[in-house]
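This report refers to the structure that appears directly beneath it.
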Amino acid sequence: MRWSQTFIPTLKEVPAEAEIISHKLLLRAGLIRKLTGGLYTFLPLGLRALRKVEKIVREEMDRAGALEVLMPALQPPEIWQKSGRYETAQGVFFKVRDKAKKEWVLGPTHEEVITTLVAGELSSYRQLPRNFYQVQTKFRDEIRPRFGLMRAKEFLMKDAYSFDISEDAANVSYKKMYDAYARIFTRCGLKTMAVEADTGVIGGKFSHEYMAPAETGENEVAYCDACHYAANVEKAASRVTLKTGTTQALEKFATPGVVTIEALTKAPFNVPADEQIKTLVFMVEGKTTLLLLRGDHQLNEAKLAGTLGTATFRPAEAEEIYTALKAHPGSLGAVGVKDITVYADESLRGMADATTGANEDGFHLRHVDVARDIVVHTWADLRTAAAGEPCVNCGQPLKIRRAIEVGHVFKLGTKYSEKLGALFLDETGKQQPAIMGCYGIGVTRTLQAVIEQCNDKDGIVWPASVAPYTVCITPLSVAAESPVMQLAVKIYEELQAKGVDVILDDRDDRPGVKFKDADLVGFPIRIGIGEKSLAKGEVEIKPRGGAMLLVKAEEAVSQVLGQLA
RNA sequence: CGGGGCGUAGCGUAGCUUGGUAGCGCGCUUGGUUCGGGACCAAGAGGUCGUGAGUUCAAAUCUCACCGCCCCGACCA
């Protein structure tokens with residue numbers, strides 16, 4: 001491609017709408033343009049890079065034995081009613097109506113469609129396992145689209161769905177996808193880590209997320225360098241360091257005006273936060289519920305949802321709290337509480353000599369022995385793991401870093417196959433629901449994650465595998481009869497003949513403009529051809545972010561091919 | 001939806017407090033000089049100042065409503 005014949009609208013200045021580096025570079029390098037919030041047009045260069053990510057995804061999915069299909073983006077609400085997600089996924093749908101006023105939904109995901117297909121087409125264990133995938137536009141009415149392609153209303157996703165006859169077989173399918181994902185991201189030049197994840201509203205038994213570490217990521221990952229434990233903080237566990245003390249008689253003491261953990265740590269009380277019990281009041285499906293945590297710990301709502309088996313809960317209002325405990329927040333406790341369900345975090349098990357609210361405004365209790373003084377209905381892991389806490393596996397301190405979720409693999413089980421009738425006959429002639437897995441990669445998000453990880457002060461530094469063009473030839477004179485341009489065209493044609501994606505910057509611009517643009521867009525290799533070096537029979541080969549190499553003109557093509565190999 | 005910020009030419013912005021001819025840089029057009037890291041000179045084109053009401057002799061500027069965008073939180077690939 002000749003630069004003058006394509007469309008690469010680079011920007012010197014950063015559009016005000018962009019906050020993070022990858023979003024700025026997507027706009028500045030002329031890869032995308034915004035139509036409106038959360039909706040973007042891919043320009044020729046951006047589309048080329050996107051297609052390269054897609055190609056890698058397809059190759060690895062095919063290699064893993066998945067079969068490509070293409071499902072409708074427009075879906076009937078009936079299948080969502082069948083699965084039960086018409087209600088639970090309510091918030092994400094874009095809905096449309098046809099001429100007859102019938103409602104349709106734009107697909108946010110395709111479990112319902114694929115399971116309906118399989119229900120009709122597969123009926124014997126002999127036909128399984130099967131794994132279908134597609135690369136398709138998804139529509140989600142995101143609460144808050146942001147960061148360009150990172151979270152958009154419409155985005156390109158690779159989704160795959162596996163169907164198996166047994167748990168063991170399903171685990172094999174899961175592992176295949178898990179491994180394929182690692183290869184996909186590695187080939188895209190993206191550093192990722194697979195972490196244990198919460199399954200959320202999709203449901204299912206377990207899942208892993210592929211996380212691309214980046215300061216601007218929307219997720220936090222807890223991980224251990226010593227044993228390679230890694231989990232989304234929504235899911236991450238840490239070991240408990242037991243705080244025990246001597247058991248003495250309960251004692252109520254006055255704490256006028258003290259309504260925070262923090263205040264109680266100060267003089268004259270001096271009670272360390274990790275010796276306090278934090279009492280939270282939640283309304284769980286309409287029922288008042290107490291949650292107990294150590295004073296220095298934070299509630300993890302994803303874990304709470306998992307423990308409760310429902311996501312229908314909220315912090316109680318002030319009046320509800322007073323009605324239940326006859327005290328206001330800051331003086332709450334669970335000592336002596338009856339008739340209210342109490343959930344306690346594991347870190348409190350066996351705790352003694354603790355301090356907690358007395359359920360009387362202005363008073364706390366000390367010398368609390370949890371086992372002796374509090375009736376706990378359910379013990380569970382309810383706290384958010386924090387950096388420095390001991391790893392559940394090996395006890396070494398956990399670290400926490402931010403990351404971008406680029407892929408997610410789920411072991412689903414039979415939730416959808418049962419509801420939508422994806423049943424098969426086993427060897428004994430017995431009807432069984434297929435065991436499913438589902439697997440997603442945000443293709444557009446992956447592209448942006450690559451840019452977020454691969455850039456410097458001058459622009460993008462593309463991995464060759466996903467660069468829109470791998471080589472940019474920059475002749476400093478573009479007059480057709482000039483030796484510089486003639487050599488440029490010759491090298492251009494030779495590289496094209498070798499199947500290299502090459503762009504020839506034939507614009508009649510000053511060298512500085514061309515160099516800056518090439519750096520901004522970030523082509524992996526730039527071949528500079530100017531009169532000075534050509535006088536010595538040499539051309540410049542400049543890897544993006546690497547050192548320039550002077551080579552004989554006739555060796556340029558083989559040099560470049562060697563570098564790309 | 002809650003909290004915060006912002007809408008002025010394709011992009012980045014000044015002007016708004018204290019109402020009175022809409023300004024600058026980049027980009028764009030034409031001509032000339034330049035030509036190895038975002039050139040220079042000259043002449044131009046381009047604006048319903050987000051929209052609608054209101055106050056006023058007069059509104060980018062003051063008031064109200066609405067719309068849109070960005071950031072923080074809940075959601076997710």
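Numbering starts fresh at 1 for the residues of each chain in the structure tokens, the chains themselves are lettered A, B, ... in the order given, and ligands are numbered from 1 as they appear.
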
Counting only C-alpha atoms (C1' of nucleotides), what is within 10 Å of A:Gln448, bar same-chain residues fewer than 4 positions away, as a PDB file with N, CA and C atoms, in the first residue's frame?
```pdb
ATOM      1  N   ILE A  21      -3.368   6.088  27.696  1.00  0.00           N
ATOM      2  CA  ILE A  21      -2.421   6.145  26.584  1.00  0.00           C
ATOM      3  C   ILE A  21      -2.911   5.393  25.353  1.00  0.00           C
ATOM      4  N   SER A  22      -3.486   4.200  25.546  1.00  0.00           N
ATOM      5  CA  SER A  22      -3.896   3.421  24.383  1.00  0.00           C
ATOM      6  C   SER A  22      -5.032   4.110  23.624  1.00  0.00           C
ATOM      7  N   HIS A  23      -5.928   4.738  24.347  1.00  0.00           N
ATOM      8  CA  HIS A  23      -7.032   5.454  23.707  1.00  0.00           C
ATOM      9  C   HIS A  23      -6.493   6.654  22.932  1.00  0.00           C
ATOM     10  N   LEU A  25      -3.525   6.953  21.673  1.00  0.00           N
ATOM     11  CA  LEU A  25      -2.773   6.491  20.500  1.00  0.00           C
ATOM     12  C   LEU A  25      -3.690   5.933  19.414  1.00  0.00           C
ATOM     13  N   LEU A  26      -4.781   5.287  19.810  1.00  0.00           N
ATOM     14  CA  LEU A  26      -5.737   4.802  18.802  1.00  0.00           C
ATOM     15  C   LEU A  26      -6.237   5.971  17.965  1.00  0.00           C
ATOM     16  N   LEU A  50      -6.900  -5.024  13.671  1.00  0.00           N
ATOM     17  CA  LEU A  50      -7.976  -5.844  14.243  1.00  0.00           C
ATOM     18  C   LEU A  50      -8.070  -7.185  13.521  1.00  0.00           C
ATOM     19  N   PHE A 147     -12.868   4.606  27.935  1.00  0.00           N
ATOM     20  CA  PHE A 147     -11.532   4.323  27.409  1.00  0.00           C
ATOM     21  C   PHE A 147     -11.567   3.782  25.987  1.00  0.00           C
ATOM     22  N   GLY A 148     -12.379   4.378  25.132  1.00  0.00           N
ATOM     23  CA  GLY A 148     -12.374   3.980  23.725  1.00  0.00           C
ATOM     24  C   GLY A 148     -12.936   2.589  23.535  1.00  0.00           C
ATOM     25  N   LEU A 149     -12.102   1.691  22.986  1.00  0.00           N
ATOM     26  CA  LEU A 149     -12.575   0.342  22.696  1.00  0.00           C
ATOM     27  C   LEU A 149     -12.617  -0.528  23.948  1.00  0.00           C
ATOM     28  N   MET A 150     -12.069  -0.030  25.037  1.00  0.00           N
ATOM     29  CA  MET A 150     -11.893  -0.868  26.214  1.00  0.00           C
ATOM     30  C   MET A 150     -13.236  -1.353  26.746  1.00  0.00           C
ATOM     31  N   ILE A 404      -6.141  -5.603  32.699  1.00  0.00           N
ATOM     32  CA  ILE A 404      -7.265  -5.542  31.762  1.00  0.00           C
ATOM     33  C   ILE A 404      -7.733  -6.965  31.493  1.00  0.00           C
ATOM     34  N   VAL A 406      -8.942  -9.550  29.241  1.00  0.00           N
ATOM     35  CA  VAL A 406      -9.061  -9.720  27.792  1.00  0.00           C
ATOM     36  C   VAL A 406      -9.744 -11.032  27.410  1.00  0.00           C
ATOM     37  N   GLY A 442     -12.348 -10.621  24.215  1.00  0.00           N
ATOM     38  CA  GLY A 442     -12.695  -9.311  23.683  1.00  0.00           C
ATOM     39  C   GLY A 442     -11.664  -8.964  22.635  1.00  0.00           C
ATOM     40  N   VAL A 443     -12.040  -9.114  21.362  1.00  0.00           N
ATOM     41  CA  VAL A 443     -11.057  -8.926  20.286  1.00  0.00           C
ATOM     42  C   VAL A 443     -10.648  -7.461  20.193  1.00  0.00           C
ATOM     43  N   THR A 444     -11.630  -6.578  20.197  1.00  0.00           N
ATOM     44  CA  THR A 444     -11.303  -5.149  20.130  1.00  0.00           C
ATOM     45  C   THR A 444     -10.563  -4.704  21.390  1.00  0.00           C
ATOM     46  N   GLU A 452      -1.890  -0.577  24.918  1.00  0.00           N
ATOM     47  CA  GLU A 452      -1.670  -0.095  26.284  1.00  0.00           C
ATOM     48  C   GLU A 452      -0.337  -0.614  26.835  1.00  0.00           C
ATOM     49  N   GLN A 453       0.036  -1.823  26.428  1.00  0.00           N
ATOM     50  CA  GLN A 453       1.302  -2.391  26.915  1.00  0.00           C
ATOM     51  C   GLN A 453       2.488  -2.023  26.032  1.00  0.00           C
ATOM     52  N   CYS A 454       2.234  -1.798  24.747  1.00  0.00           N
ATOM     53  CA  CYS A 454       3.331  -1.615  23.800  1.00  0.00           C
ATOM     54  C   CYS A 454       3.362  -0.202  23.242  1.00  0.00           C
TER      55      CYS A 454
END
```

Considering only C-alpha atoms (C1' of nucleotides), return as an mmCIF file with N, CA and C atoms, in the first residue's frame whatever protein or nucleic-acid residues lie within 12 Å of stretch 523-525 of chain A, sequence-local ones (same chain, fewer than 4 positions apart) excluded.
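Dumped everything to result27.cif:
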```
data_model
loop_
_atom_site.group_PDB
_atom_site.id
_atom_site.type_symbol
_atom_site.label_atom_id
_atom_site.label_comp_id
_atom_site.auth_asym_id
_atom_site.auth_seq_id
_atom_site.Cartn_x
_atom_site.Cartn_y
_atom_site.Cartn_z
ATOM 1 N N ALA A 29 -2.945 7.895 16.106
ATOM 2 C CA ALA A 29 -2.329 7.148 15.003
ATOM 3 C C ALA A 29 -3.331 6.906 13.869
ATOM 4 N N LEU A 45 -6.290 1.554 8.928
ATOM 5 C CA LEU A 45 -5.155 1.037 9.701
ATOM 6 C C LEU A 45 -5.622 0.236 10.919
ATOM 7 N N ALA A 49 -5.128 -3.961 11.827
ATOM 8 C CA ALA A 49 -4.604 -4.532 13.081
ATOM 9 C C ALA A 49 -5.648 -5.462 13.705
ATOM 10 N N CYS A 454 2.234 -1.798 24.747
ATOM 11 C CA CYS A 454 3.331 -1.615 23.800
ATOM 12 C C CYS A 454 3.362 -0.202 23.242
ATOM 13 N N ASN A 455 3.997 0.703 23.942
ATOM 14 C CA ASN A 455 4.097 2.075 23.460
ATOM 15 C C ASN A 455 5.278 2.758 24.123
ATOM 16 N N ASP A 458 7.004 8.168 21.743
ATOM 17 C CA ASP A 458 6.768 8.552 20.355
ATOM 18 C C ASP A 458 5.521 7.924 19.739
ATOM 19 N N GLY A 459 4.975 6.915 20.395
ATOM 20 C CA GLY A 459 3.776 6.293 19.835
ATOM 21 C C GLY A 459 3.695 4.811 20.138
ATOM 22 N N ILE A 460 2.974 4.117 19.249
ATOM 23 C CA ILE A 460 2.775 2.684 19.422
ATOM 24 C C ILE A 460 4.053 1.940 19.042
ATOM 25 N N VAL A 461 4.313 0.823 19.710
ATOM 26 C CA VAL A 461 5.416 -0.060 19.320
ATOM 27 C C VAL A 461 4.798 -1.426 19.043
ATOM 28 N N TRP A 462 4.265 -1.596 17.843
ATOM 29 C CA TRP A 462 3.515 -2.814 17.519
ATOM 30 C C TRP A 462 4.355 -4.079 17.586
ATOM 31 N N PRO A 463 3.827 -5.135 18.185
ATOM 32 C CA PRO A 463 4.398 -6.461 17.939
ATOM 33 C C PRO A 463 4.150 -6.760 16.450
ATOM 34 N N ALA A 464 5.104 -7.383 15.782
ATOM 35 C CA ALA A 464 4.965 -7.602 14.342
ATOM 36 C C ALA A 464 3.697 -8.380 13.997
ATOM 37 N N SER A 465 3.271 -9.265 14.900
ATOM 38 C CA SER A 465 2.134 -10.132 14.598
ATOM 39 C C SER A 465 0.823 -9.387 14.391
ATOM 40 N N VAL A 466 0.667 -8.232 14.998
ATOM 41 C CA VAL A 466 -0.606 -7.529 14.873
ATOM 42 C C VAL A 466 -0.458 -6.120 14.293
ATOM 43 N N ALA A 467 0.761 -5.763 13.880
ATOM 44 C CA ALA A 467 0.970 -4.437 13.293
ATOM 45 C C ALA A 467 0.160 -4.295 12.015
ATOM 46 N N PRO A 468 -0.422 -3.126 11.778
ATOM 47 C CA PRO A 468 -1.221 -2.937 10.556
ATOM 48 C C PRO A 468 -0.364 -3.149 9.304
ATOM 49 N N TYR A 469 0.868 -2.690 9.335
ATOM 50 C CA TYR A 469 1.871 -3.041 8.325
ATOM 51 C C TYR A 469 3.146 -3.344 9.086
ATOM 52 N N THR A 470 3.872 -4.344 8.658
ATOM 53 C CA THR A 470 5.072 -4.695 9.424
ATOM 54 C C THR A 470 6.274 -3.860 9.010
ATOM 55 N N VAL A 471 6.243 -3.384 7.754
ATOM 56 C CA VAL A 471 7.378 -2.596 7.277
ATOM 57 C C VAL A 471 6.878 -1.303 6.649
ATOM 58 N N CYS A 472 7.544 -0.198 6.980
ATOM 59 C CA CYS A 472 7.245 1.085 6.359
ATOM 60 C C CYS A 472 8.503 1.560 5.650
ATOM 61 N N ILE A 473 8.371 1.808 4.368
ATOM 62 C CA ILE A 473 9.517 2.321 3.611
ATOM 63 C C ILE A 473 9.384 3.837 3.510
ATOM 64 N N THR A 474 10.440 4.510 3.922
ATOM 65 C CA THR A 474 10.402 5.969 3.950
ATOM 66 C C THR A 474 11.453 6.556 3.018
ATOM 67 N N VAL A 500 5.200 -9.759 2.556
ATOM 68 C CA VAL A 500 5.311 -8.864 3.713
ATOM 69 C C VAL A 500 4.284 -7.736 3.584
ATOM 70 N N ASP A 501 3.640 -7.399 4.703
ATOM 71 C CA ASP A 501 2.725 -6.262 4.712
ATOM 72 C C ASP A 501 3.553 -4.990 4.789
ATOM 73 N N VAL A 502 3.644 -4.318 3.660
ATOM 74 C CA VAL A 502 4.547 -3.170 3.591
ATOM 75 C C VAL A 502 3.793 -1.933 3.105
ATOM 76 N N ILE A 503 4.143 -0.804 3.680
ATOM 77 C CA ILE A 503 3.553 0.450 3.247
ATOM 78 C C ILE A 503 4.673 1.370 2.790
ATOM 79 N N LEU A 504 4.441 2.025 1.671
ATOM 80 C CA LEU A 504 5.438 2.927 1.100
ATOM 81 C C LEU A 504 4.978 4.361 1.348
ATOM 82 N N ASP A 505 5.773 5.081 2.137
ATOM 83 C CA ASP A 505 5.385 6.466 2.446
ATOM 84 C C ASP A 505 5.799 7.369 1.293
ATOM 85 N N PHE A 515 8.970 10.662 9.549
ATOM 86 C CA PHE A 515 9.541 9.902 10.671
ATOM 87 C C PHE A 515 8.595 9.910 11.870
ATOM 88 N N LYS A 516 8.076 11.083 12.171
ATOM 89 C CA LYS A 516 7.179 11.204 13.331
ATOM 90 C C LYS A 516 5.936 10.335 13.155
ATOM 91 N N ASP A 517 5.378 10.371 11.956
ATOM 92 C CA ASP A 517 4.186 9.561 11.690
ATOM 93 C C ASP A 517 4.490 8.070 11.783
ATOM 94 N N ALA A 518 5.648 7.679 11.242
ATOM 95 C CA ALA A 518 6.012 6.254 11.275
ATOM 96 C C ALA A 518 6.181 5.791 12.720
ATOM 97 N N ASP A 519 6.790 6.638 13.544
ATOM 98 C CA ASP A 519 6.965 6.288 14.954
ATOM 99 C C ASP A 519 5.627 6.249 15.672
ATOM 100 N N GLU A 540 18.857 2.494 5.418
ATOM 101 C CA GLU A 540 18.745 2.342 6.875
ATOM 102 C C GLU A 540 17.625 1.379 7.212
ATOM 103 N N ILE A 541 17.909 0.482 8.144
ATOM 104 C CA ILE A 541 16.846 -0.375 8.659
ATOM 105 C C ILE A 541 16.702 -0.058 10.126
ATOM 106 N N LYS A 542 15.529 0.447 10.469
ATOM 107 C CA LYS A 542 15.310 0.941 11.831
ATOM 108 C C LYS A 542 14.133 0.199 12.470
ATOM 109 N N PRO A 543 14.462 -0.800 13.327
ATOM 110 C CA PRO A 543 13.375 -1.442 14.063
ATOM 111 C C PRO A 543 12.776 -0.416 15.026
ATOM 112 N N ARG A 544 11.463 -0.430 15.170
ATOM 113 C CA ARG A 544 10.806 0.513 16.089
ATOM 114 C C ARG A 544 11.285 0.190 17.500
ATOM 115 N N GLY A 545 11.890 1.179 18.129
ATOM 116 C CA GLY A 545 12.356 0.958 19.484
ATOM 117 C C GLY A 545 13.700 0.249 19.553
ATOM 118 N N GLY A 546 14.337 0.027 18.394
ATOM 119 C CA GLY A 546 15.654 -0.621 18.393
ATOM 120 C C GLY A 546 16.680 0.258 17.706
ATOM 121 N N ALA A 547 17.889 -0.270 17.565
ATOM 122 C CA ALA A 547 18.975 0.523 16.988
ATOM 123 C C ALA A 547 18.979 0.440 15.461
ATOM 124 N N MET A 548 19.340 1.562 14.828
ATOM 125 C CA MET A 548 19.380 1.617 13.382
ATOM 126 C C MET A 548 20.548 0.808 12.823
ATOM 127 N N LEU A 549 20.279 0.215 11.681
ATOM 128 C CA LEU A 549 21.282 -0.621 11.040
ATOM 129 C C LEU A 549 21.454 -0.127 9.620
ATOM 130 N N ALA A 556 18.905 -5.173 1.627
ATOM 131 C CA ALA A 556 17.830 -4.657 2.478
ATOM 132 C C ALA A 556 16.709 -5.678 2.652
ATOM 133 N N VAL A 557 16.264 -6.256 1.527
ATOM 134 C CA VAL A 557 15.125 -7.163 1.594
ATOM 135 C C VAL A 557 15.446 -8.397 2.439
ATOM 136 N N GLN A 559 17.729 -8.693 4.714
ATOM 137 C CA GLN A 559 17.895 -8.229 6.095
ATOM 138 C C GLN A 559 16.542 -8.158 6.814
ATOM 139 N N VAL A 560 15.585 -7.516 6.147
ATOM 140 C CA VAL A 560 14.261 -7.328 6.737
ATOM 141 C C VAL A 560 13.580 -8.682 6.941
ATOM 142 N N LEU A 561 13.666 -9.520 5.928
ATOM 143 C CA LEU A 561 13.044 -10.843 6.056
ATOM 144 C C LEU A 561 13.656 -11.598 7.226
ATOM 145 N N GLY A 562 14.970 -11.435 7.393
ATOM 146 C CA GLY A 562 15.647 -12.090 8.504
ATOM 147 C C GLY A 562 15.146 -11.583 9.850
ATOM 148 N N GLN A 563 14.951 -10.285 9.934
ATOM 149 C CA GLN A 563 14.483 -9.708 11.201
ATOM 150 C C GLN A 563 13.061 -10.132 11.530
ATOM 151 N N LEU A 564 12.260 -10.347 10.487
ATOM 152 C CA LEU A 564 10.862 -10.707 10.726
ATOM 153 C C LEU A 564 10.698 -12.194 11.021
#
```

Kindly assemble as a Markdown table a list of the chain B residues that lie within 9 Å of chain A, each paired with its nearest atom pair and their distance in Å to one decimal, using only C-alpha atoms (C1' of nucleotides), sorted first by chain and then by ascending residue number.
```
| residue | atom | partner | partner_atom | distance |
| --- | --- | --- | --- | --- |
| B:C11 | C1' | A:Pro15 | CA | 6.6 |
| B:G12 | C1' | A:Glu13 | CA | 6.2 |
| B:C26 | C1' | A:Lys12 | CA | 7.4 |
| B:G27 | C1' | A:Leu11 | CA | 8.7 |
| B:C35 | C1' | A:Arg510 | CA | 5.9 |
| B:G36 | C1' | A:Pro511 | CA | 6.0 |
| B:G37 | C1' | A:Gly512 | CA | 4.1 |
| B:G38 | C1' | A:Val513 | CA | 4.9 |
| B:A39 | C1' | A:Arg510 | CA | 8.2 |
| B:G68 | C1' | A:Thr36 | CA | 8.9 |
| B:C69 | C1' | A:Gly37 | CA | 7.4 |
| B:C70 | C1' | A:Glu17 | CA | 5.9 |
| B:C71 | C1' | A:Glu19 | CA | 8.7 |
| B:A74 | C1' | A:Ile143 | CA | 8.6 |
| B:C75 | C1' | A:Ile143 | CA | 6.4 |
| B:C76 | C1' | A:Glu142 | CA | 8.0 |
| B:A77 | C1' | A:Gly442 | CA | 3.9 |
```

| query | With only C-alpha atoms (C1' of nucleotides) as the basis for distance, which of B:G19, B:U33, B:C41, B:C28 is at the shortest distance from B:C57? | reply |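 Nearest to B:C57: B:G19.
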
| task | Give the alpha helix (DSSP H) residues of stretch 25-64 of chain A, as assigned by DSSP on the backbone, as a ChimeraX atom specification. | result | /A:25-28,44-63

| Which is closest to B:G7 among B:C62, B:C67, B:C72, B:A43, if we use only C-alpha atoms (C1' of nucleotides)? |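 For B:G7, the nearest of the given residues is B:C67.
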